[in-house]
Amino acid sequence: MRTDRFFARLEQEPQRPAVAAPGMSRTRIALLWATLGAYATIVAAVLSTSWLVRFDWQVMLFRPYKQWPGLHAFLDYFVVLGQRGPTAVLVAAWLGWRSWRQRTLRPLLVMGVALLALNLSVGAAKLGMAREGPHYANDIGSNEMWLNGDIFPSGHTANAVVTWGILAYLATTPRARRTLSIIAAVFALGVGATTVYLGTHWVSDVLLGWAAGLLILLALPWCEPVIREVERRLLVLRDRLSGRPGPQPHPVLPPPDVPPVTLPPDPASAPARAAALPARLAKAHTRSPAVRPLQTEGRPAAGHPGVRPVEPLGGSFSPASSAPPHRP
C-alpha cells in the first residue's frame with residue numbers, strides 16, 4: 001500500500017466536492033409510504049391487544065438473557081452502539097473531520113436535522129402512548145399502554161437506524177453507500193435484538209423503532225433545501241466575523257456580436273406574402289426618390305466644335321467625318 005495516497009486523503013481538499021444530494025425519487029417515496037403504513041399497523045396492533053402483544057409476552061416470559069447467559073457481558077457493551085449520547089459523539093467527530101476536509105458544513109447539518117427530527121417524533125410517541133416496559137409489566141397479556149412508561153417505540157433502535165444510516169446517506173460513491181448501508185443495517189438490527197434479549201423492550205417496541213428511524217432517513221431529502229440555506233447563512237456569518245471577503249460572483253460578460261440568424265421562409269406564409277406584394281411595391285414606389293435627368297451642366301452643347309455628332313445606326317460612314325476638328 002502506498003503511504004502517499006493514504007496521507008493525501010487526510011489533507012484538506014482544494015475545493016468542495018460536486019456531489020448532488022439525494023432526491024425524493026419514486027422509489028424513495030414508495031418506501032416512505034410503505035414504512036408509514038407499517039408504523040401505523042404496528043401501533044394499531046398494539047392498541048388492539050392483537051397477536052403481536054401476545055407474542056411480546058411469549059418472548060418476555062421466555063427470558064432470553066437466562067437462556068444464553070454467556071452473551072450477556074458482550075451485549076451489555078454492544079447495546080451502547082444504539083445510545084444517543086455515545087453514538088452521536090462518535091459519528092459527529094467523524095462527520096466534523098469530513099466537513100473540514102471537504103470544506104462544507106452539510107454532513108454536520110444533515111446529522112443535526114436528522115437527530116432533531118428523531119428526538120421530536122420518537123419523544124412525542126413515547127410520551128403520548130406511555131407504554132410500560134417488560135420489567136415493570138403487571139397484567140399478563142395486556143398491552144401496558146397509557147401508564148408511566150416511555151419505551152414505545154424503542155429509542156435505542158431508532159437512534160441506531162438514524163445515526164449509522166446517516167453515514168450511508170452521506171456517502172459519495174455507490175460502493176461506499178452499499179458498504180455503509182450494510183454496516184448500518186447490522187448495527188440497527190443487532191441493537192434492536194439486543195434490547196429484546198436484555199428484556200428492556202418488547203418486540204413490538206423494536207419493530208416500531210426500526211420503522212421510526214427509517215422514516216427519518218427516507219424523509220431527509222425534503223430537508224435538503226433548508227440545510228443548504230442554513231449552510232449558506234453560516235458561511236456568510238463566518239466570513240463576516242473573520243473579516244474575510246465572501247465568494248465574489250463571477251462577472252457577467254456581454255454576449256459576443258453574433259450575426260443574426262436568418263430563418264428559412266415558412267412555406268405556409270407564401271400565399272400571404274404574395275397577396276401583400278402589390279401593396280409593398282406601391283409603398284416602395286411612393287417612397288423612392290424621383291428620377292433626375294442627366295446632368296448636362298459643364299458639358300459642351302451639341303453644336304460645339306468638339307462634339308462629334310452621333311451617327312444613327314446603319315448610317316453612312318466617311319473618313320472626312322471621322323477626322324478630328326481643326327483647332328486654330
# chains A, B, ... in the order shown; residues from 1 in each chain; ligands from 1
>>> residues_around(residues="A:Gln58", least_positions_apart="5", cutoff="10 Å", atoms="only C-alpha atoms", output="ChimeraX atom specification")
/A:52-53,63,141,203
>>> write_last_selection(atoms="C-alpha atoms", output="PDB file, in the first residue's frame")
ATOM      1  CA  LEU A  52     -48.421  -9.005  18.410  1.00  0.00           C
ATOM      2  CA  VAL A  53     -48.996  -8.271  22.093  1.00  0.00           C
ATOM      3  CA  ARG A  63     -36.312 -14.785  29.288  1.00  0.00           C
ATOM      4  CA  GLY A 141     -51.495 -10.292  28.358  1.00  0.00           C
ATOM      5  CA  VAL A 203     -40.604  -7.000  20.331  1.00  0.00           C
TER       6      VAL A 203
END
>>> residues_around(residues="A:Ala117", least_positions_apart="4", cutoff="8 Å", atoms="only C-alpha atoms", output="number ranges by chain")
A: 113, 121, 216
>>> residues_around(residues="A:Leu167", least_positions_apart="5", cutoff="10 Å", atoms="only C-alpha atoms", output="PyMOL selection string")
chain A and resi 91+94-95+107+111+162+172+176-177+179-181+183-184
>>> write_last_selection(atoms="C-alpha atoms", output="short mmCIF file (atom, residue, chain, number, x, y, z; two decimals), in the first residue's frame")
data_model
loop_
_atom_site.label_atom_id
_atom_site.label_comp_id
_atom_site.auth_asym_id
_atom_site.auth_seq_id
_atom_site.Cartn_x
_atom_site.Cartn_y
_atom_site.Cartn_z
CA VAL A 91 -20.40 9.94 14.40
CA TRP A 94 -16.16 11.65 12.01
CA LEU A 95 -18.53 13.98 10.16
CA PRO A 107 -22.56 16.47 6.88
CA MET A 111 -26.90 14.83 11.19
CA VAL A 162 -30.66 7.08 12.07
CA THR A 172 -20.41 9.97 -2.21
CA ALA A 176 -19.34 3.32 -0.19
CA ARG A 177 -23.12 3.66 0.05
CA THR A 179 -20.93 -0.87 2.30
CA LEU A 180 -22.16 1.67 4.83
CA SER A 181 -25.77 0.55 4.33
CA ILE A 183 -22.91 -1.76 8.35
CA ALA A 184 -25.85 0.42 9.41
#
>>> atom_distance(atom1="atom CA of A:Leu235", atom2="atom CA of A:Gly165")
26.4 Å
>>> atom_distance(atom1="atom CA of A:Pro86", atom2="atom CA of A:Gly112")
14.9 Å
>>> select_by_dssp(residues="stretch 85-196 of chain A", states="alpha helix (DSSP H)", output="VMD selection string")
chain A and resid 85 to 102 106 to 129 155 to 169 174 to 196
>>> residues_around(residues="A:Lys66", least_positions_apart="5", cutoff="12 Å", atoms="only C-alpha atoms", output="PDB file with N, CA and C atoms, in the first residue's frame")
ATOM      1  N   VAL A  59     -42.214 -13.895  24.278  1.00  0.00           N
ATOM      2  CA  VAL A  59     -40.774 -13.663  24.266  1.00  0.00           C
ATOM      3  C   VAL A  59     -40.303 -13.171  25.624  1.00  0.00           C
ATOM      4  N   MET A  60     -41.087 -12.323  26.270  1.00  0.00           N
ATOM      5  CA  MET A  60     -40.686 -11.794  27.571  1.00  0.00           C
ATOM      6  C   MET A  60     -40.629 -12.909  28.618  1.00  0.00           C
ATOM      7  N   LEU A  61     -41.615 -13.805  28.623  1.00  0.00           N
ATOM      8  CA  LEU A  61     -41.629 -14.904  29.587  1.00  0.00           C
ATOM      9  C   LEU A  61     -40.593 -15.976  29.256  1.00  0.00           C
ATOM     10  N   LEU A  71     -23.814 -14.582  26.546  1.00  0.00           N
ATOM     11  CA  LEU A  71     -23.815 -13.403  25.679  1.00  0.00           C
ATOM     12  C   LEU A  71     -24.067 -12.107  26.446  1.00  0.00           C
ATOM     13  N   HIS A  72     -24.421 -12.218  27.693  1.00  0.00           N
ATOM     14  CA  HIS A  72     -24.870 -11.035  28.428  1.00  0.00           C
ATOM     15  C   HIS A  72     -23.771  -9.983  28.534  1.00  0.00           C
ATOM     16  N   TYR A 197     -33.250  -9.152  23.949  1.00  0.00           N
ATOM     17  CA  TYR A 197     -32.515 -10.142  24.737  1.00  0.00           C
ATOM     18  C   TYR A 197     -32.367  -9.698  26.188  1.00  0.00           C
ATOM     19  N   LEU A 198     -32.039  -8.432  26.406  1.00  0.00           N
ATOM     20  CA  LEU A 198     -31.845  -7.935  27.769  1.00  0.00           C
ATOM     21  C   LEU A 198     -33.164  -7.719  28.505  1.00  0.00           C
ATOM     22  N   GLY A 199     -34.284  -7.772  27.806  1.00  0.00           N
ATOM     23  CA  GLY A 199     -35.582  -7.613  28.447  1.00  0.00           C
ATOM     24  C   GLY A 199     -35.975  -6.179  28.706  1.00  0.00           C
TER      25      GLY A 199
END
>>> atom_distance(atom1="atom CA of A:Val80", atom2="atom CA of A:Thr157")
10.8 Å
>>> residues_around(residues="A:Val43", least_positions_apart="5", cutoff="9 Å", atoms="only C-alpha atoms", output="PDB file with C-alpha atoms, in the first residue's frame")
ATOM      1  CA  ALA A  38     -46.040  -0.413   8.705  1.00  0.00           C
ATOM      2  CA  SER A  48     -55.969  -3.517  19.916  1.00  0.00           C
ATOM      3  CA  SER A 204     -43.200  -4.503  19.108  1.00  0.00           C
ATOM      4  CA  LEU A 208     -41.720   0.415  15.772  1.00  0.00           C
TER       5      LEU A 208
END
>>> closest_residue(among="A:Leu115, A:Ala125, A:Met24, A:Leu214", to="A:Ile151", atoms="only C-alpha atoms")
A:Ala125
>>> residues_around(residues="A:Leu32", least_positions_apart="5", cutoff="12 Å", atoms="only C-alpha atoms", output="list in words")
Met24, Ser25, Arg26, Thr27, Gly37, Ala38, Tyr39, Ala211, Ala212, Gly213, Leu214, Leu215, Ile216, Leu217, Leu218, Ala219, Leu220, Pro221 and Trp222 of chain A
